$ cat final.cif   # mmCIF, C-alpha atoms
data_start
#
loop_
_atom_site.label_atom_id
_atom_site.label_comp_id
_atom_site.auth_asym_id
_atom_site.auth_seq_id
_atom_site.Cartn_x
_atom_site.Cartn_y
_atom_site.Cartn_z
CA MET A 210 36.26 59.94 -44.41
CA PRO A 211 32.97 59.90 -42.46
CA MET A 212 32.76 58.36 -39.03
CA GLN A 213 31.75 54.69 -38.78
CA LYS A 214 28.19 53.96 -37.68
CA ASP A 215 29.20 52.14 -34.49
CA THR A 216 31.57 54.94 -33.49
CA ARG A 217 28.85 57.55 -33.97
CA GLN A 218 26.47 55.38 -31.93
CA LEU A 219 29.01 55.12 -29.08
CA LEU A 220 29.50 58.89 -29.05
CA THR A 221 25.76 59.54 -29.11
CA THR A 222 25.09 57.04 -26.34
CA GLY A 223 27.92 58.40 -24.16
CA LEU A 224 26.78 61.97 -24.59
CA SER A 225 23.17 61.04 -23.85
CA ILE A 226 24.04 59.15 -20.67
CA PHE A 227 26.44 61.85 -19.47
CA GLY A 228 23.93 64.58 -20.33
CA THR A 229 21.22 62.82 -18.37
CA GLY A 230 23.50 62.64 -15.32
CA ALA A 231 24.51 66.28 -15.65
CA VAL A 232 20.89 67.42 -15.91
CA ALA A 233 19.97 65.29 -12.89
CA ALA A 234 22.83 66.76 -10.86
CA GLY A 235 21.86 70.28 -11.89
CA LEU A 236 18.24 69.73 -10.97
CA MET A 237 19.24 68.23 -7.63
CA LEU A 238 21.34 71.29 -6.78
CA THR A 239 18.85 73.91 -7.95
CA VAL A 240 15.21 72.89 -8.43
CA PHE A 241 14.98 70.04 -5.92
CA GLY A 242 16.10 71.99 -2.88
CA GLY A 243 19.87 71.62 -2.90
CA VAL A 244 22.12 69.40 -0.80
CA THR A 245 23.22 69.69 2.83
CA ARG A 246 25.60 67.58 4.92
CA GLN A 247 22.82 65.01 5.34
CA GLY A 248 22.09 64.84 1.61
CA PRO A 249 19.35 66.17 -0.63
CA GLN A 250 16.36 67.89 0.95
CA ASN A 251 13.52 65.77 -0.48
CA ASN A 252 12.70 62.55 -2.31
CA SER A 253 13.08 64.13 -5.74
CA GLY A 254 16.56 65.27 -4.80
CA TRP A 255 17.50 61.77 -3.69
CA LEU A 256 16.21 60.30 -6.93
CA ALA A 257 18.19 62.86 -8.93
CA LEU A 258 21.29 62.00 -6.87
CA ILE A 259 20.89 58.29 -7.67
CA VAL A 260 20.47 59.03 -11.38
CA ALA A 261 23.52 61.32 -11.36
CA ILE A 262 25.67 58.78 -9.49
CA GLY A 263 24.71 56.12 -12.03
CA CYS A 264 24.88 58.14 -15.22
CA LEU A 265 27.92 60.36 -14.79
CA PRO A 266 30.59 57.63 -14.39
CA LEU A 267 28.99 55.40 -17.03
CA GLY A 268 28.74 58.34 -19.43
CA VAL A 269 32.40 59.27 -18.91
CA LEU A 270 33.54 55.69 -19.49
CA THR A 271 31.40 55.38 -22.62
CA LEU A 272 32.79 58.65 -23.95
CA LEU A 273 36.35 57.49 -23.24
CA LEU A 274 35.66 54.29 -25.16
CA ALA A 275 34.23 56.30 -28.06
CA VAL A 276 37.23 58.65 -28.14
CA ALA A 277 39.61 55.66 -28.12
CA LYS A 278 37.64 54.15 -31.00
CA VAL A 279 37.79 57.41 -32.97
CA ILE A 280 41.56 57.53 -32.48
CA GLY A 281 41.88 53.87 -33.49
CA ASP A 282 39.74 54.40 -36.58
CA ARG A 283 41.86 57.36 -37.65
CA LYS A 284 45.08 55.36 -37.24
CA LYS A 285 43.66 52.62 -39.52
CA GLN A 286 43.13 55.10 -42.38
#

$ encode --input "final.cif" --output "structure tokens"
Amino acid sequence: MPMQKDTRQLLTTGLSIFGTGAVAAGLMLTVFGGVTRQGPQNNSGWLALIVAIGCLPLGVLTLLLAVAKVIGDRKKQ
């Protein structure tokens, strides 16, 4: 049976948020000068750090909710 629309939307949203955080973290570590003990090297690095700190935990929690919903939907069938 195909996935419910709201479950697919949760998975898509979780992956998008987590992906945004992962890209921001990757950019911070590579393109924006890296990170030292004092933090990122420039303003772009700091902005990428803030985006990563916001998106990564929220993305993980959204994905966990989506996985729990997928499991719950499968048990209903």

$ atom_distance --input "final.cif" --atom1 "CA of Met212 (chain A)" --atom2 "CA of Ile226 (chain A)"
20.3 Å

$ closest_residue --input "final.cif" --among "A:Ala261, A:Val269, A:Val279, A:Met237" --to "Asp215 (chain A)" --atoms "only C-alpha atoms"
A:Val279

$ resolve_selection --input "final.cif" --expression "the PyMOL selection byres ((chain A and resi 241) around 10)" --output "short mmCIF file (atom, residue, chain, number, x, y, z; two decimals) with C-alpha atoms, in the coordinates of the input"
data_model
loop_
_atom_site.label_atom_id
_atom_site.label_comp_id
_atom_site.auth_asym_id
_atom_site.auth_seq_id
_atom_site.Cartn_x
_atom_site.Cartn_y
_atom_site.Cartn_z
CA ALA A 233 19.97 65.29 -12.89
CA ALA A 234 22.83 66.76 -10.86
CA GLY A 235 21.86 70.28 -11.89
CA LEU A 236 18.24 69.73 -10.97
CA MET A 237 19.24 68.23 -7.63
CA LEU A 238 21.34 71.29 -6.78
CA THR A 239 18.85 73.91 -7.95
CA VAL A 240 15.21 72.89 -8.43
CA GLY A 242 16.10 71.99 -2.88
CA GLY A 243 19.87 71.62 -2.90
CA VAL A 244 22.12 69.40 -0.80
CA PRO A 249 19.35 66.17 -0.63
CA GLN A 250 16.36 67.89 0.95
CA ASN A 251 13.52 65.77 -0.48
CA ASN A 252 12.70 62.55 -2.31
CA SER A 253 13.08 64.13 -5.74
CA GLY A 254 16.56 65.27 -4.80
CA TRP A 255 17.50 61.77 -3.69
CA LEU A 256 16.21 60.30 -6.93
CA ALA A 257 18.19 62.86 -8.93
#

$ atom_distance --input "final.cif" --atom1 "CA of Gly281 (chain A)" --atom2 "CA of Pro211 (chain A)"
14.0 Å

$ atom_distance --input "final.cif" --atom1 "CA of Leu270 (chain A)" --atom2 "CA of Gly248 (chain A)"
25.7 Å

$ closest_residue --input "final.cif" --among "A:Leu272, A:Lys278, A:Thr245, A:Gly230" --to "Ile259 (chain A)" --atoms "all atoms listed in the file"
A:Gly230

$ closest_residue --input "final.cif" --among "A:Leu258, A:Thr271, A:Gln247, A:Gln213" --to "Ser225 (chain A)" --atoms "all atoms listed in the file"
A:Thr271

$ closest_residue --input "final.cif" --among "A:Ala231, A:Ile280, A:Ala275, A:Cys264" --to "Arg217 (chain A)" --atoms "all atoms listed in the file"
A:Ala275

$ closest_residue --input "final.cif" --among "A:Gly228, A:Val276, A:Arg283, A:Thr216" --to "Val260 (chain A)" --atoms "all atoms listed in the file"
A:Gly228

$ closest_residue --input "final.cif" --among "A:Gln218, A:Lys285, A:Ala277, A:Leu265" --to "Val232 (chain A)" --atoms "only C-alpha atoms"
A:Leu265

$ build_atoms --input "final.cif" --residues "region 266-277 of chain A" --atoms "all heavy atoms" --output "tab-separated table (two decimals), in the coordinates of the input"
chain	number	residue	atom	x	y	z
A	266	PRO	N	29.43	58.49	-14.12
A	266	PRO	CA	30.59	57.63	-14.39
A	266	PRO	C	30.42	56.77	-15.64
A	266	PRO	O	31.36	56.62	-16.42
A	266	PRO	CB	30.70	56.75	-13.14
A	266	PRO	CG	29.90	57.41	-12.11
A	266	PRO	CD	28.85	58.20	-12.81
A	267	LEU	N	29.23	56.22	-15.85
A	267	LEU	CA	28.99	55.40	-17.03
A	267	LEU	C	29.12	56.23	-18.30
A	267	LEU	O	29.70	55.77	-19.30
A	267	LEU	CB	27.61	54.76	-16.96
A	267	LEU	CG	27.24	53.84	-18.12
A	267	LEU	CD1	28.18	52.66	-18.19
A	267	LEU	CD2	25.81	53.39	-17.99
A	268	GLY	N	28.62	57.45	-18.28
A	268	GLY	CA	28.74	58.34	-19.43
A	268	GLY	C	30.18	58.68	-19.74
A	268	GLY	O	30.60	58.69	-20.91
A	269	VAL	N	30.98	58.95	-18.70
A	269	VAL	CA	32.40	59.27	-18.91
A	269	VAL	C	33.12	58.07	-19.51
A	269	VAL	O	33.91	58.21	-20.46
A	269	VAL	CB	33.05	59.72	-17.59
A	269	VAL	CG1	34.56	59.75	-17.70
A	269	VAL	CG2	32.53	61.09	-17.19
A	270	LEU	N	32.87	56.88	-18.97
A	270	LEU	CA	33.54	55.69	-19.49
A	270	LEU	C	33.12	55.40	-20.93
A	270	LEU	O	33.96	55.01	-21.76
A	270	LEU	CB	33.24	54.49	-18.60
A	270	LEU	CG	33.89	54.53	-17.22
A	270	LEU	CD1	33.42	53.36	-16.38
A	270	LEU	CD2	35.40	54.52	-17.33
A	271	THR	N	31.86	55.59	-21.25
A	271	THR	CA	31.40	55.38	-22.62
A	271	THR	C	32.03	56.40	-23.57
A	271	THR	O	32.44	56.05	-24.68
A	271	THR	CB	29.86	55.47	-22.69
A	271	THR	OG1	29.30	54.59	-21.74
A	271	THR	CG2	29.35	55.11	-24.07
A	272	LEU	N	32.14	57.64	-23.13
A	272	LEU	CA	32.79	58.65	-23.95
A	272	LEU	C	34.27	58.35	-24.14
A	272	LEU	O	34.82	58.56	-25.24
A	272	LEU	CB	32.59	60.04	-23.35
A	272	LEU	CG	31.20	60.63	-23.51
A	272	LEU	CD1	31.07	61.92	-22.72
A	272	LEU	CD2	30.89	60.87	-24.97
A	273	LEU	N	34.94	57.87	-23.10
A	273	LEU	CA	36.35	57.49	-23.24
A	273	LEU	C	36.52	56.36	-24.25
A	273	LEU	O	37.45	56.37	-25.06
A	273	LEU	CB	36.94	57.09	-21.89
A	273	LEU	CG	37.23	58.22	-20.91
A	273	LEU	CD1	37.69	57.65	-19.56
A	273	LEU	CD2	38.28	59.15	-21.47
A	274	LEU	N	35.63	55.38	-24.19
A	274	LEU	CA	35.66	54.29	-25.16
A	274	LEU	C	35.44	54.82	-26.57
A	274	LEU	O	36.13	54.41	-27.52
A	274	LEU	CB	34.60	53.25	-24.81
A	274	LEU	CG	34.45	52.08	-25.78
A	274	LEU	CD1	35.72	51.24	-25.79
A	274	LEU	CD2	33.26	51.23	-25.38
A	275	ALA	N	34.51	55.74	-26.74
A	275	ALA	CA	34.23	56.30	-28.06
A	275	ALA	C	35.42	57.10	-28.58
A	275	ALA	O	35.77	56.99	-29.76
A	275	ALA	CB	32.99	57.18	-27.99
A	276	VAL	N	36.06	57.87	-27.72
A	276	VAL	CA	37.23	58.65	-28.14
A	276	VAL	C	38.37	57.71	-28.54
A	276	VAL	O	39.06	57.93	-29.55
A	276	VAL	CB	37.66	59.63	-27.02
A	276	VAL	CG1	39.02	60.22	-27.30
A	276	VAL	CG2	36.62	60.72	-26.87
A	277	ALA	N	38.57	56.64	-27.77
A	277	ALA	CA	39.61	55.66	-28.12
A	277	ALA	C	39.30	55.01	-29.46
A	277	ALA	O	40.20	54.76	-30.27
A	277	ALA	CB	39.72	54.61	-27.03
